[in-house]
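Chemist: Before I ask anything, let me first share the structure, which is written out below as structure tokens.
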Amino acid sequence: MFSPQPQTGDALLNPAARRRGRPSRPTSRVQLRHERSNSGMSVDSTREESSIGASQRQDSEGATNASGDQSIIRRSAVAVSGKEQEGGSTDLTKNDKYRVSKLPGLPSIFSSCSKNGTPVTAYADSNHRYALLLSHNAAYVWEYAVPHILPLTFSFPLPREGSSEQSPFPLGSLVCPSANSPEPGLVVVMPMTGRIAYWDAVSSAVSEGLFAKKRGVEGKVPTMSGETITSICCAEPAGFVISTSSGRLAHLALRDTAGRPGVTVTIMRGSSGFGGLLGALRAGSNRRDIVAVRAGKVLRMGEREVFVGTARGNFSRWHVNRAGGYANTTDVDLRDEILTAFSGQRALQGKNKDNFQVVDLQVTGYSASTEPGQEDTVQFLVLTAISSPNSKATYALVSLELMAGGTASVGDIHIIKSYTDGWGTETPPRLYFPLPRKTAFVVFPRAVVVVSKIRRDPSEMDYDDDQQQQEPFEDVVDFRGELGIEIVGSGSESVDIDIVGAEAMGSFSSDQGHIKRIKNPGVILIAKGAGILRVEAFDFGAGAKTITAPVTVKSKLEQAVFYGTKSDNPLNFHGRLEVKFALEDLEEAALEISQEILGSKSPYLPSMLPSLGSHLELRSQHLRALVQHLRTGAFGRVSKQVLWRLLQDAEKCEAARAVWDMRNEHLREDPENGDGVLGAVISHYVPTEDTDVTGNDPVRTWFQRDVVHIGKLLRHVKKSLASMPDKGKKNQLILAVSDSEANDIIIGALERAWQFRVNCAKLYELSGEHGIDKNGLLEKSDGYLAPWTSDALLLEALSNQRDLSEAAIKALWGPTEDPKRQDVVTKLGLQLVHLAEICCRSFEERADWCDQQTVAGDDIPQEGRNVRERYVHSRGGWIKPLVKYGLIEHAYGIAEDYQDYRTLVEICSEELLKTEVSLIESTPAQQNSETVNELKEKKAEVGKRLEGYFERFGEPFAIEMYEYLVENGKLQTLLNGFESWREQYLTPFLRGNPKYAKLSWIHDVSLGDYSTAANTLFSIATKSEGVLLNQRIELSIGKLAKLAALENASASEIDVAEEIEAYDIRLEIVKIQQRLHSVVKHITHNAIDVDAAVQLATDEYARKLKKLPALRDLFRTSFRQLVSGRALATEDLVELLTLMEPSEGELMDGESFYWALRVIGLAGLPRAEIENAEKTIWRRCFLRDDWTQIVSTRNRTDEDVTDLARKTSVYTTILLCYQNGLFTQGSPFKPQSPEETLFSEDPGEIRIRFPEADERLLEALAIDLYEENRGLRRHITKADLQNWFTGMLAQIKEEVAARTVEAEGGDGDVEMDV
């Protein structure tokens, strides 16, 4: 038995181990065939390398995985480019941390099991590069790392145990090769009977069943009733350790003391003090739920440590040797310690601790004991789980440290967040931590979790404070659910640090035949439905990268974009529900990936390909894959604004492809021209910002790295033309050719971009309402990035390029016999069509985008207004020149597409005009000629086209058509043409705009709508007509139209009188002004112009206004309008009637003040304005006469005084008002006394009269009105005007009454209204 303490020195526990092994049997024919198939391999060198590798790792590192990893691997010596890796493997995914690849070799038996659903289990042994597949009735072994599609497979029939598919699988392990064989041996243990079979070389038993002939050796594990074998652990060179369902352990040795094959089983009893069966049972009771038996370090020759873990959390430490000796040195229960450590984990709070279990463990390292003679302290990484009722589980990786004497401590705890599925009745998860122990792999039945930056023990201080605060890297690799993939076996691959170090020192080559070292640590997965996969981490060597953060959404997106597009890739790239990413991070990552693809800066893209066109196509495919994946919503739904930006990148890639295709076509046509305009613009104006990756070819370099700046390239194309030599008229053809080449660049890029945008609108979720229209314009763009196809600088460049092309074609236009010149002209003409369309599209796109921005500053909306104004002003000039060059149909098409109705109208009208002129100029003899008939047909065709536009475009086109006819004086066509649309479009057009009112009433009369025509004429006359004569005519015609309408409506006389009254009133005011105009007609006859007439009138009628400058200016302004025949406003007419004072005689026979009152009574002014005007009239009426002279009665008879009073303006005005009924009952007017007519000196009263006057004018008018008040007060004071007014008013009433009685022919009293 082992001593509890490890032995020291060179003594071996089993001296027989020193004996040399028995030479193996001669090589079989099958083995020879297998060796011939791997002709590059040296059996001797392989055996030697394997022995040295295993020895070095076991002695230097000590601890190993259960597989006993080895550092060499057989692979194909041919490296395949692209996704084909060394050895023929194919990358399924890759990021900065790890790679998943599919190995080429897959036995046909495994494919059959996957297809027919045969239950199997498997195991990959990286120590020997072989894999083992076990079913209920057979075992299969093959070399998994060979580059052959169908590797040589060794099959071993097995006796079936149990009839159920749920019966336990046979257990097996590969054994280190014997001395004379490069192939491993095989040991199989039947789980229910305990039968053991061992074969020292797998190829030796190809044709014989393992249990059918005694070519191998057999044995048996002594089991109890109902006990089954649950696991076998390779602990070579100390043999194997077997565990049972009852918790017992057994040591298995496959060679006897002489080194001959033989099976020896030793039951391992614990250190409980009990021997025999009781001791085994007692020890097994503590380990009934064994979940892991793992080998530790090699202690000495033939002796090794083994560690056992149970689901409950019990861990034991054993020493075993090849002779069957063993010792249980430590047995400790850490369940409580682990659960106590879990209490500080937020993710585990609230979990049922009763469901806690240990799932697997791995030995991660040793540290020397501080006590002499004590065992070394060992570190574990333990996989634990707390299951939930919903078939979920929370997994945690726990770092444990087991010290001598049974003490232990819990270190780091990492909660696995990316996977929470339970395993149920399937194979439990396996934990691997391969050298150099920087990354752990947790293999689940349908996924692998990769976790790095785990500290292996609590005292490990390899990280600084910042790194300790960061979460470890974690990611999950799982499979597409619809494929039903299941991982049935796995194994780890470690990097042998010692051998790698020796390689670095040049001690041996890493490529010997097809033997390849393991470059990266990882795991091998044997998966139904997927094949043999390798998951490797970049933890060692030149390619190692330090990842100190959890997996990013960018990494997941990159994997999906670059690897998830192939249908035969079994991996799931749509994420898992457990993994969440912030939407902002997702959008930022998507944009960054898009930019990297566009600029060929992604590490997943080849730096270059022989065909740059193929490289651009590859980038386009990946950009498409990016948006396709984003649309799935696997990591969240990105906004439409982000999708729009991604679409912009894809458009630039497509535009670059178009330009590159054009460049290749030009080179094929004219190789001597080189890159031409494209090369010039790239070399001089848009040089690449990156290094030349294409061998001194700046054009290729630009397309490789700077496609993102294609808008800049297009903007500078014209500049490259300006810098070309040999300019001038004699080289116009050369310039035209270059211009045509530049047009190809611009047209090809932009049209391809827009077409791509239209075609992919649905893909980018930008179709439908408010999405991308048929021209590629985004209808609702508020908050979206400005389209690169209408950048402000690009608009200017496009307009200039179009103008340059028009100038080029104009210079070459005309008859020519030069075919090259004709070809250039023809091509330029067609390009002019495209440029016109592009200009329209770009300008409209930019204007729409600017108009819709709501969060931008004032500059953007103003830019939009400027762009639209320039667009509307210029687009006709872009389209109409096409007609000149025989491209009228193209002109029609562009104008129709962009709804440029004015251009359509102008082209059609000009065509009609040319046709009509040609018809007029034709001679009578030509009237029936073919030419005339063609002209007539052309005229009819244009007319039909115009009718079609009315029907197609409706009112907007009609408005443009009508405005064009009005502007060009074609009023007859306006009123009589397009009869089908007159009522529908012409009527609202004319009625909707007051400036067309003078045409509208004519149209209304033609429709028989006399009432509307009358109303329109009345509105024109009273609101907009400025000419007095026209006003009278309009009122007269309006009156007639109203009478006609009333007659048609059979209106009564009362209704007729009411309707006509308004016209009569306005006509009377017109007559008053005409009477005033006739009074001053002599002045207009004597004056040479209006200014002279105003001056003469001022001298004659405004002498008393010399000291009243504001009123004098008012008089001059109003008089100018009067003599010019303008219709005066009511207040202005009153001003003239009250301010004009003839130098001799009375104005209008002294009736001017009466007519002024009559005007304000007829005009229907607001009450405040009427009152203000009435006071003004009476005040000036009192001021018209010299009352001081009138009331001076000295030396005058009563008759004299009465006559003087009768001659005053006041007397005449009051008398006329009474006589003409202006003061009748109900009238708003009455005689006003002098004191009532005084200006109130309230500024508001002046503003009522002059609402639009500025402060200076109001102040000047107030001064003049104050002067009028002063003059009137002087009369009131000195002439006692108030009393005189009272007596004069009484006398007037008596006179009016007497005249009334006389007129009635009788006597009686007459009552007068005051």
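Residue names in the structure tokens use chain letters A, B, ... in the order shown, residue numbers from 1 in each chain, and ligand numbers from 1 in the order shown.
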Hey, what's within 12 Å of A:Glu584 if we count only C-alpha atoms and toss same-chain stuff fewer than 3 positions away? As a PyMOL selection string, please?
Modeler: chain A and resi 553-554+580-581+587-591+635-639+642
Chemist: Could you write those residues out with all heavy atoms, as an mmCIF file, in the first residue's frame?
Modeler:
data_model
loop_
_atom_site.group_PDB
_atom_site.id
_atom_site.type_symbol
_atom_site.label_atom_id
_atom_site.label_comp_id
_atom_site.auth_asym_id
_atom_site.auth_seq_id
_atom_site.Cartn_x
_atom_site.Cartn_y
_atom_site.Cartn_z
ATOM 1 N N VAL A 553 -20.401 42.876 -29.148
ATOM 2 C CA VAL A 553 -21.392 42.660 -30.200
ATOM 3 C C VAL A 553 -20.751 42.796 -31.573
ATOM 4 O O VAL A 553 -21.186 42.161 -32.540
ATOM 5 C CB VAL A 553 -22.565 43.646 -30.033
ATOM 6 C CG1 VAL A 553 -22.119 45.075 -30.287
ATOM 7 C CG2 VAL A 553 -23.711 43.286 -30.964
ATOM 8 N N LYS A 554 -19.688 43.578 -31.676
ATOM 9 C CA LYS A 554 -18.994 43.690 -32.951
ATOM 10 C C LYS A 554 -18.411 42.348 -33.357
ATOM 11 O O LYS A 554 -18.491 41.937 -34.520
ATOM 12 C CB LYS A 554 -17.897 44.746 -32.873
ATOM 13 C CG LYS A 554 -17.154 44.921 -34.198
ATOM 14 C CD LYS A 554 -15.984 45.869 -34.078
ATOM 15 C CE LYS A 554 -15.254 45.942 -35.425
ATOM 16 N NZ LYS A 554 -14.007 46.733 -35.330
ATOM 17 N N LYS A 580 -27.241 39.520 -24.101
ATOM 18 C CA LYS A 580 -27.881 40.781 -24.461
ATOM 19 C C LYS A 580 -26.810 41.844 -24.727
ATOM 20 O O LYS A 580 -25.777 41.884 -24.055
ATOM 21 C CB LYS A 580 -28.807 41.265 -23.343
ATOM 22 C CG LYS A 580 -29.871 40.254 -22.915
ATOM 23 C CD LYS A 580 -30.894 40.002 -24.009
ATOM 24 C CE LYS A 580 -31.985 39.063 -23.523
ATOM 25 N NZ LYS A 580 -32.964 38.758 -24.589
ATOM 26 N N PHE A 581 -27.091 42.677 -25.704
ATOM 27 C CA PHE A 581 -26.203 43.785 -26.020
ATOM 28 C C PHE A 581 -27.026 45.073 -26.094
ATOM 29 O O PHE A 581 -28.196 45.056 -26.498
ATOM 30 C CB PHE A 581 -25.488 43.568 -27.356
ATOM 31 C CG PHE A 581 -24.584 42.365 -27.381
ATOM 32 C CD1 PHE A 581 -24.968 41.208 -28.031
ATOM 33 C CD2 PHE A 581 -23.354 42.399 -26.754
ATOM 34 C CE1 PHE A 581 -24.145 40.103 -28.064
ATOM 35 C CE2 PHE A 581 -22.519 41.305 -26.779
ATOM 36 C CZ PHE A 581 -22.911 40.139 -27.426
ATOM 37 N N GLU A 587 -25.586 49.260 -32.901
ATOM 38 C CA GLU A 587 -25.594 50.176 -34.037
ATOM 39 C C GLU A 587 -24.186 50.692 -34.330
ATOM 40 O O GLU A 587 -23.779 50.795 -35.490
ATOM 41 C CB GLU A 587 -26.544 51.334 -33.743
ATOM 42 C CG GLU A 587 -27.999 50.903 -33.656
ATOM 43 C CD GLU A 587 -28.947 52.053 -33.386
ATOM 44 O OE1 GLU A 587 -28.492 53.078 -32.845
ATOM 45 O OE2 GLU A 587 -30.139 51.921 -33.696
ATOM 46 N N GLU A 588 -23.457 51.005 -33.274
ATOM 47 C CA GLU A 588 -22.084 51.477 -33.468
ATOM 48 C C GLU A 588 -21.226 50.394 -34.109
ATOM 49 O O GLU A 588 -20.421 50.664 -35.005
ATOM 50 C CB GLU A 588 -21.498 51.899 -32.123
ATOM 51 C CG GLU A 588 -20.089 52.455 -32.214
ATOM 52 C CD GLU A 588 -19.535 52.876 -30.864
ATOM 53 O OE1 GLU A 588 -20.309 52.887 -29.882
ATOM 54 O OE2 GLU A 588 -18.343 53.187 -30.784
ATOM 55 N N ALA A 589 -21.397 49.154 -33.657
ATOM 56 C CA ALA A 589 -20.631 48.049 -34.220
ATOM 57 C C ALA A 589 -20.975 47.828 -35.685
ATOM 58 O O ALA A 589 -20.082 47.605 -36.516
ATOM 59 C CB ALA A 589 -20.888 46.779 -33.414
ATOM 60 N N ALA A 590 -22.252 47.886 -36.013
ATOM 61 C CA ALA A 590 -22.662 47.680 -37.403
ATOM 62 C C ALA A 590 -22.041 48.733 -38.314
ATOM 63 O O ALA A 590 -21.541 48.418 -39.410
ATOM 64 C CB ALA A 590 -24.184 47.712 -37.496
ATOM 65 N N LEU A 591 -22.058 49.978 -37.875
ATOM 66 C CA LEU A 591 -21.490 51.050 -38.685
ATOM 67 C C LEU A 591 -19.979 50.888 -38.819
ATOM 68 O O LEU A 591 -19.411 51.124 -39.900
ATOM 69 C CB LEU A 591 -21.820 52.404 -38.062
ATOM 70 C CG LEU A 591 -23.312 52.780 -38.065
ATOM 71 C CD1 LEU A 591 -23.539 54.044 -37.249
ATOM 72 C CD2 LEU A 591 -23.823 52.977 -39.485
ATOM 73 N N PHE A 635 -29.614 40.404 -32.370
ATOM 74 C CA PHE A 635 -29.028 41.160 -31.266
ATOM 75 C C PHE A 635 -29.803 42.444 -30.982
ATOM 76 O O PHE A 635 -29.356 43.276 -30.211
ATOM 77 C CB PHE A 635 -27.565 41.500 -31.572
ATOM 78 C CG PHE A 635 -26.735 40.294 -31.900
ATOM 79 C CD1 PHE A 635 -26.103 40.175 -33.126
ATOM 80 C CD2 PHE A 635 -26.597 39.258 -30.993
ATOM 81 C CE1 PHE A 635 -25.346 39.060 -33.432
ATOM 82 C CE2 PHE A 635 -25.842 38.142 -31.294
ATOM 83 C CZ PHE A 635 -25.211 38.039 -32.510
ATOM 84 N N GLY A 636 -30.937 42.617 -31.640
ATOM 85 C CA GLY A 636 -31.736 43.825 -31.460
ATOM 86 C C GLY A 636 -32.070 44.438 -32.804
ATOM 87 O O GLY A 636 -31.473 44.113 -33.837
ATOM 88 N N ARG A 637 -33.048 45.320 -32.792
ATOM 89 C CA ARG A 637 -33.497 45.983 -34.005
ATOM 90 C C ARG A 637 -32.846 47.353 -34.131
ATOM 91 O O ARG A 637 -33.108 48.239 -33.314
ATOM 92 C CB ARG A 637 -35.019 46.138 -33.986
ATOM 93 C CG ARG A 637 -35.776 44.820 -34.113
ATOM 94 C CD ARG A 637 -35.717 44.316 -35.534
ATOM 95 N NE ARG A 637 -36.455 43.072 -35.686
ATOM 96 C CZ ARG A 637 -36.537 42.393 -36.819
ATOM 97 N NH1 ARG A 637 -35.902 42.855 -37.895
ATOM 98 N NH2 ARG A 637 -37.204 41.262 -36.900
ATOM 99 N N VAL A 638 -32.013 47.505 -35.125
ATOM 100 C CA VAL A 638 -31.373 48.805 -35.318
ATOM 101 C C VAL A 638 -32.374 49.766 -35.937
ATOM 102 O O VAL A 638 -33.353 49.368 -36.565
ATOM 103 C CB VAL A 638 -30.116 48.681 -36.206
ATOM 104 C CG1 VAL A 638 -29.103 47.752 -35.581
ATOM 105 C CG2 VAL A 638 -30.493 48.190 -37.589
ATOM 106 N N SER A 639 -32.126 51.040 -35.767
ATOM 107 C CA SER A 639 -33.038 52.064 -36.269
ATOM 108 C C SER A 639 -32.924 52.187 -37.782
ATOM 109 O O SER A 639 -31.936 51.772 -38.397
ATOM 110 C CB SER A 639 -32.712 53.411 -35.617
ATOM 111 O OG SER A 639 -31.420 53.845 -36.010
ATOM 112 N N VAL A 642 -29.843 54.080 -38.901
ATOM 113 C CA VAL A 642 -28.617 53.294 -39.029
ATOM 114 C C VAL A 642 -28.655 52.461 -40.306
ATOM 115 O O VAL A 642 -27.653 52.351 -41.027
ATOM 116 C CB VAL A 642 -28.422 52.403 -37.786
ATOM 117 C CG1 VAL A 642 -27.296 51.405 -37.997
ATOM 118 C CG2 VAL A 642 -28.134 53.253 -36.567
#
Chemist: Please, what distance in Å, to one decimal, runs between atom CA of A:Leu777 and atom CA of A:Asp791?
Modeler: 13.5 Å
Chemist: So that I can check the surroundings of A:Gly893, please list as an MDAnalysis selection string every protein, DNA and RNA residue that reaches within 12 Å of it, counting only C-alpha atoms and ignoring chain neighbours fewer than 3 positions away.
Modeler: chainID A and resid 833:834 836:837 879:880 882:883 887:890 896:901 903:904 907
Chemist: Kindly assemble as JSON lines a list of the stretch 1124-1171 of chain A residues that lie within 10 Å of stretch 1072-1089 of chain A, each paired with its nearest atom pair and their distance in Å to one decimal, using only C-alpha atoms, sorted first by chain and then by ascending residue number.
Modeler:
{"residue": "A:Ser1124", "atom": "CA", "partner": "A:Thr1084", "partner_atom": "CA", "distance": 9.2}
{"residue": "A:Gly1125", "atom": "CA", "partner": "A:His1077", "partner_atom": "CA", "distance": 8.3}
{"residue": "A:Arg1126", "atom": "CA", "partner": "A:Gln1073", "partner_atom": "CA", "distance": 9.9}
{"residue": "A:Ala1127", "atom": "CA", "partner": "A:Gln1073", "partner_atom": "CA", "distance": 8.1}
{"residue": "A:Leu1128", "atom": "CA", "partner": "A:Gln1073", "partner_atom": "CA", "distance": 7.8}
{"residue": "A:Thr1130", "atom": "CA", "partner": "A:Gln1073", "partner_atom": "CA", "distance": 9.8}
{"residue": "A:Leu1133", "atom": "CA", "partner": "A:Gln1073", "partner_atom": "CA", "distance": 7.2}
{"residue": "A:Val1134", "atom": "CA", "partner": "A:Gln1073", "partner_atom": "CA", "distance": 9.9}
{"residue": "A:Leu1136", "atom": "CA", "partner": "A:Leu1076", "partner_atom": "CA", "distance": 9.0}
{"residue": "A:Leu1137", "atom": "CA", "partner": "A:Leu1076", "partner_atom": "CA", "distance": 8.0}
{"residue": "A:Leu1147", "atom": "CA", "partner": "A:Val1079", "partner_atom": "CA", "distance": 7.9}
{"residue": "A:Met1148", "atom": "CA", "partner": "A:Val1079", "partner_atom": "CA", "distance": 7.0}
{"residue": "A:Ser1152", "atom": "CA", "partner": "A:Leu1076", "partner_atom": "CA", "distance": 8.7}
{"residue": "A:Trp1155", "atom": "CA", "partner": "A:Ile1072", "partner_atom": "CA", "distance": 7.2}
{"residue": "A:Ala1156", "atom": "CA", "partner": "A:Ile1072", "partner_atom": "CA", "distance": 9.0}
{"residue": "A:Arg1158", "atom": "CA", "partner": "A:Ile1072", "partner_atom": "CA", "distance": 9.2}
{"residue": "A:Val1159", "atom": "CA", "partner": "A:Ile1072", "partner_atom": "CA", "distance": 7.9}
Chemist: Can I get the selected residues back with N, CA, C and O atoms, as a tab-separated table (two decimals), in the first residue's frame?
Modeler:
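Result went into result.tsv, see below:
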chain	number	residue	atom	x	y	z
A	1124	SER	N	-54.24	111.86	-63.04
A	1124	SER	CA	-53.72	110.66	-63.75
A	1124	SER	C	-54.82	109.69	-64.09
A	1124	SER	O	-54.55	108.65	-64.70
A	1125	GLY	N	-56.02	109.99	-63.70
A	1125	GLY	CA	-57.14	109.11	-64.00
A	1125	GLY	C	-57.24	107.94	-63.06
A	1125	GLY	O	-57.97	106.98	-63.34
A	1126	ARG	N	-56.54	108.00	-61.93
A	1126	ARG	CA	-56.59	106.92	-60.96
A	1126	ARG	C	-57.84	107.03	-60.10
A	1126	ARG	O	-58.35	108.13	-59.84
A	1127	ALA	N	-58.33	105.87	-59.66
A	1127	ALA	CA	-59.48	105.87	-58.76
A	1127	ALA	C	-59.01	106.19	-57.36
A	1127	ALA	O	-58.17	105.50	-56.79
A	1128	LEU	N	-59.57	107.30	-56.81
A	1128	LEU	CA	-59.16	107.74	-55.48
A	1128	LEU	C	-59.88	106.94	-54.40
A	1128	LEU	O	-61.04	106.57	-54.54
A	1130	THR	N	-61.74	106.66	-50.82
A	1130	THR	CA	-62.79	107.55	-50.29
A	1130	THR	C	-62.20	108.69	-49.50
A	1130	THR	O	-62.57	109.87	-49.71
A	1133	LEU	N	-60.44	111.23	-51.71
A	1133	LEU	CA	-61.39	112.07	-52.44
A	1133	LEU	C	-61.96	113.14	-51.53
A	1133	LEU	O	-62.11	114.32	-51.93
A	1134	VAL	N	-62.25	112.79	-50.28
A	1134	VAL	CA	-62.76	113.78	-49.31
A	1134	VAL	C	-61.70	114.85	-49.06
A	1134	VAL	O	-62.03	116.05	-48.95
A	1136	LEU	N	-59.41	115.96	-51.11
A	1136	LEU	CA	-59.38	116.91	-52.23
A	1136	LEU	C	-60.59	117.84	-52.20
A	1136	LEU	O	-60.47	119.05	-52.41
A	1137	LEU	N	-61.77	117.29	-51.98
A	1137	LEU	CA	-63.00	118.10	-51.99
A	1137	LEU	C	-62.98	119.16	-50.90
A	1137	LEU	O	-63.58	120.23	-51.05
A	1147	LEU	N	-65.55	126.20	-55.75
A	1147	LEU	CA	-65.29	124.87	-56.29
A	1147	LEU	C	-66.59	124.11	-56.41
A	1147	LEU	O	-67.34	123.98	-55.44
A	1148	MET	N	-66.86	123.66	-57.61
A	1148	MET	CA	-68.07	122.89	-57.88
A	1148	MET	C	-69.31	123.67	-57.43
A	1148	MET	O	-70.22	123.11	-56.80
A	1152	SER	N	-68.80	121.46	-52.93
A	1152	SER	CA	-67.75	120.45	-52.70
A	1152	SER	C	-67.90	119.79	-51.33
A	1152	SER	O	-67.68	118.58	-51.17
A	1155	TRP	N	-70.73	117.33	-51.40
A	1155	TRP	CA	-70.34	116.08	-52.07
A	1155	TRP	C	-69.38	115.27	-51.23
A	1155	TRP	O	-69.36	114.02	-51.30
A	1156	ALA	N	-68.58	115.97	-50.45
A	1156	ALA	CA	-67.69	115.22	-49.55
A	1156	ALA	C	-68.51	114.43	-48.54
A	1156	ALA	O	-68.22	113.26	-48.25
A	1158	ARG	N	-71.52	113.52	-48.98
A	1158	ARG	CA	-72.23	112.51	-49.75
A	1158	ARG	C	-71.34	111.28	-50.00
A	1158	ARG	O	-71.78	110.13	-49.91
A	1159	VAL	N	-70.07	111.51	-50.27
A	1159	VAL	CA	-69.12	110.39	-50.53
A	1159	VAL	C	-68.98	109.50	-49.31
A	1159	VAL	O	-69.06	108.27	-49.41
Chemist: Report, in Å with one decimal, the straight-line distance from atom CA of A:Ala655 to atom CA of A:Ala761.
Modeler: 16.3 Å
Chemist: Please list as a list in words every residue within 10 Å of A:Tyr1218, counting only C-alpha atoms and excluding residues in the same chain fewer than 3 positions away.
Modeler: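 Near neighbours after the sequence-gap exclusion: Thr1213, Ile1214, Leu1215, Gly1221, Leu1222, Phe1223, Thr1224, Lys1230, Pro1231, Ile1292, Lys1293, Val1296, Ala1297, Met1312, Asp1313 and Val1314 of chain A.
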Chemist: Next, dump the selected residues to file, keeping only N, CA, C and O atoms, as an mmCIF file, in the first residue's frame.
Modeler:
data_model
loop_
_atom_site.group_PDB
_atom_site.id
_atom_site.type_symbol
_atom_site.label_atom_id
_atom_site.label_comp_id
_atom_site.auth_asym_id
_atom_site.auth_seq_id
_atom_site.Cartn_x
_atom_site.Cartn_y
_atom_site.Cartn_z
ATOM 1 N N THR A 1213 -73.789 124.378 -47.749
ATOM 2 C CA THR A 1213 -73.688 122.933 -47.479
ATOM 3 C C THR A 1213 -74.882 122.446 -46.685
ATOM 4 O O THR A 1213 -75.496 121.415 -47.007
ATOM 5 N N ILE A 1214 -75.257 123.218 -45.618
ATOM 6 C CA ILE A 1214 -76.383 122.778 -44.795
ATOM 7 C C ILE A 1214 -77.661 122.784 -45.617
ATOM 8 O O ILE A 1214 -78.481 121.861 -45.534
ATOM 9 N N LEU A 1215 -77.829 123.840 -46.420
ATOM 10 C CA LEU A 1215 -79.019 123.943 -47.233
ATOM 11 C C LEU A 1215 -79.124 122.771 -48.218
ATOM 12 O O LEU A 1215 -80.187 122.164 -48.370
ATOM 13 N N GLY A 1221 -81.976 115.591 -48.580
ATOM 14 C CA GLY A 1221 -82.331 114.529 -47.643
ATOM 15 C C GLY A 1221 -81.179 113.928 -46.884
ATOM 16 O O GLY A 1221 -81.289 112.813 -46.339
ATOM 17 N N LEU A 1222 -80.056 114.644 -46.811
ATOM 18 C CA LEU A 1222 -78.914 114.071 -46.088
ATOM 19 C C LEU A 1222 -79.111 114.139 -44.586
ATOM 20 O O LEU A 1222 -78.457 113.412 -43.838
ATOM 21 N N PHE A 1223 -80.032 115.057 -44.128
ATOM 22 C CA PHE A 1223 -80.281 115.191 -42.697
ATOM 23 C C PHE A 1223 -81.636 114.612 -42.305
ATOM 24 O O PHE A 1223 -82.212 114.991 -41.285
ATOM 25 N N THR A 1224 -82.155 113.734 -43.108
ATOM 26 C CA THR A 1224 -83.451 113.163 -42.780
ATOM 27 C C THR A 1224 -83.349 112.271 -41.558
ATOM 28 O O THR A 1224 -82.259 111.907 -41.101
ATOM 29 N N LYS A 1230 -75.732 115.102 -39.402
ATOM 30 C CA LYS A 1230 -76.472 116.252 -38.909
ATOM 31 C C LYS A 1230 -75.537 117.453 -38.945
ATOM 32 O O LYS A 1230 -74.325 117.298 -38.964
ATOM 33 N N PRO A 1231 -76.135 118.678 -38.953
ATOM 34 C CA PRO A 1231 -75.276 119.871 -38.939
ATOM 35 C C PRO A 1231 -74.448 119.889 -37.649
ATOM 36 O O PRO A 1231 -74.964 119.623 -36.563
ATOM 37 N N ILE A 1292 -81.938 128.671 -42.022
ATOM 38 C CA ILE A 1292 -81.941 127.659 -43.093
ATOM 39 C C ILE A 1292 -83.163 126.763 -42.966
ATOM 40 O O ILE A 1292 -83.819 126.419 -43.957
ATOM 41 N N LYS A 1293 -83.482 126.384 -41.742
ATOM 42 C CA LYS A 1293 -84.651 125.504 -41.547
ATOM 43 C C LYS A 1293 -85.928 126.197 -42.019
ATOM 44 O O LYS A 1293 -86.792 125.592 -42.652
ATOM 45 N N VAL A 1296 -85.944 126.249 -45.812
ATOM 46 C CA VAL A 1296 -86.254 124.916 -46.367
ATOM 47 C C VAL A 1296 -87.736 124.607 -46.180
ATOM 48 O O VAL A 1296 -88.384 124.052 -47.071
ATOM 49 N N ALA A 1297 -88.279 125.000 -45.008
ATOM 50 C CA ALA A 1297 -89.703 124.718 -44.754
ATOM 51 C C ALA A 1297 -90.575 125.506 -45.729
ATOM 52 O O ALA A 1297 -91.569 124.980 -46.253
ATOM 53 N N MET A 1312 -88.759 120.143 -39.152
ATOM 54 C CA MET A 1312 -87.387 119.917 -39.660
ATOM 55 C C MET A 1312 -86.597 119.081 -38.657
ATOM 56 O O MET A 1312 -86.640 119.302 -37.449
ATOM 57 N N ASP A 1313 -85.871 118.102 -39.177
ATOM 58 C CA ASP A 1313 -84.974 117.314 -38.318
ATOM 59 C C ASP A 1313 -83.680 118.080 -38.133
ATOM 60 O O ASP A 1313 -83.094 118.598 -39.091
ATOM 61 N N VAL A 1314 -83.285 118.193 -36.891
ATOM 62 C CA VAL A 1314 -82.041 118.894 -36.594
ATOM 63 C C VAL A 1314 -80.903 117.908 -36.581
ATOM 64 O O VAL A 1314 -81.004 116.860 -35.944
#
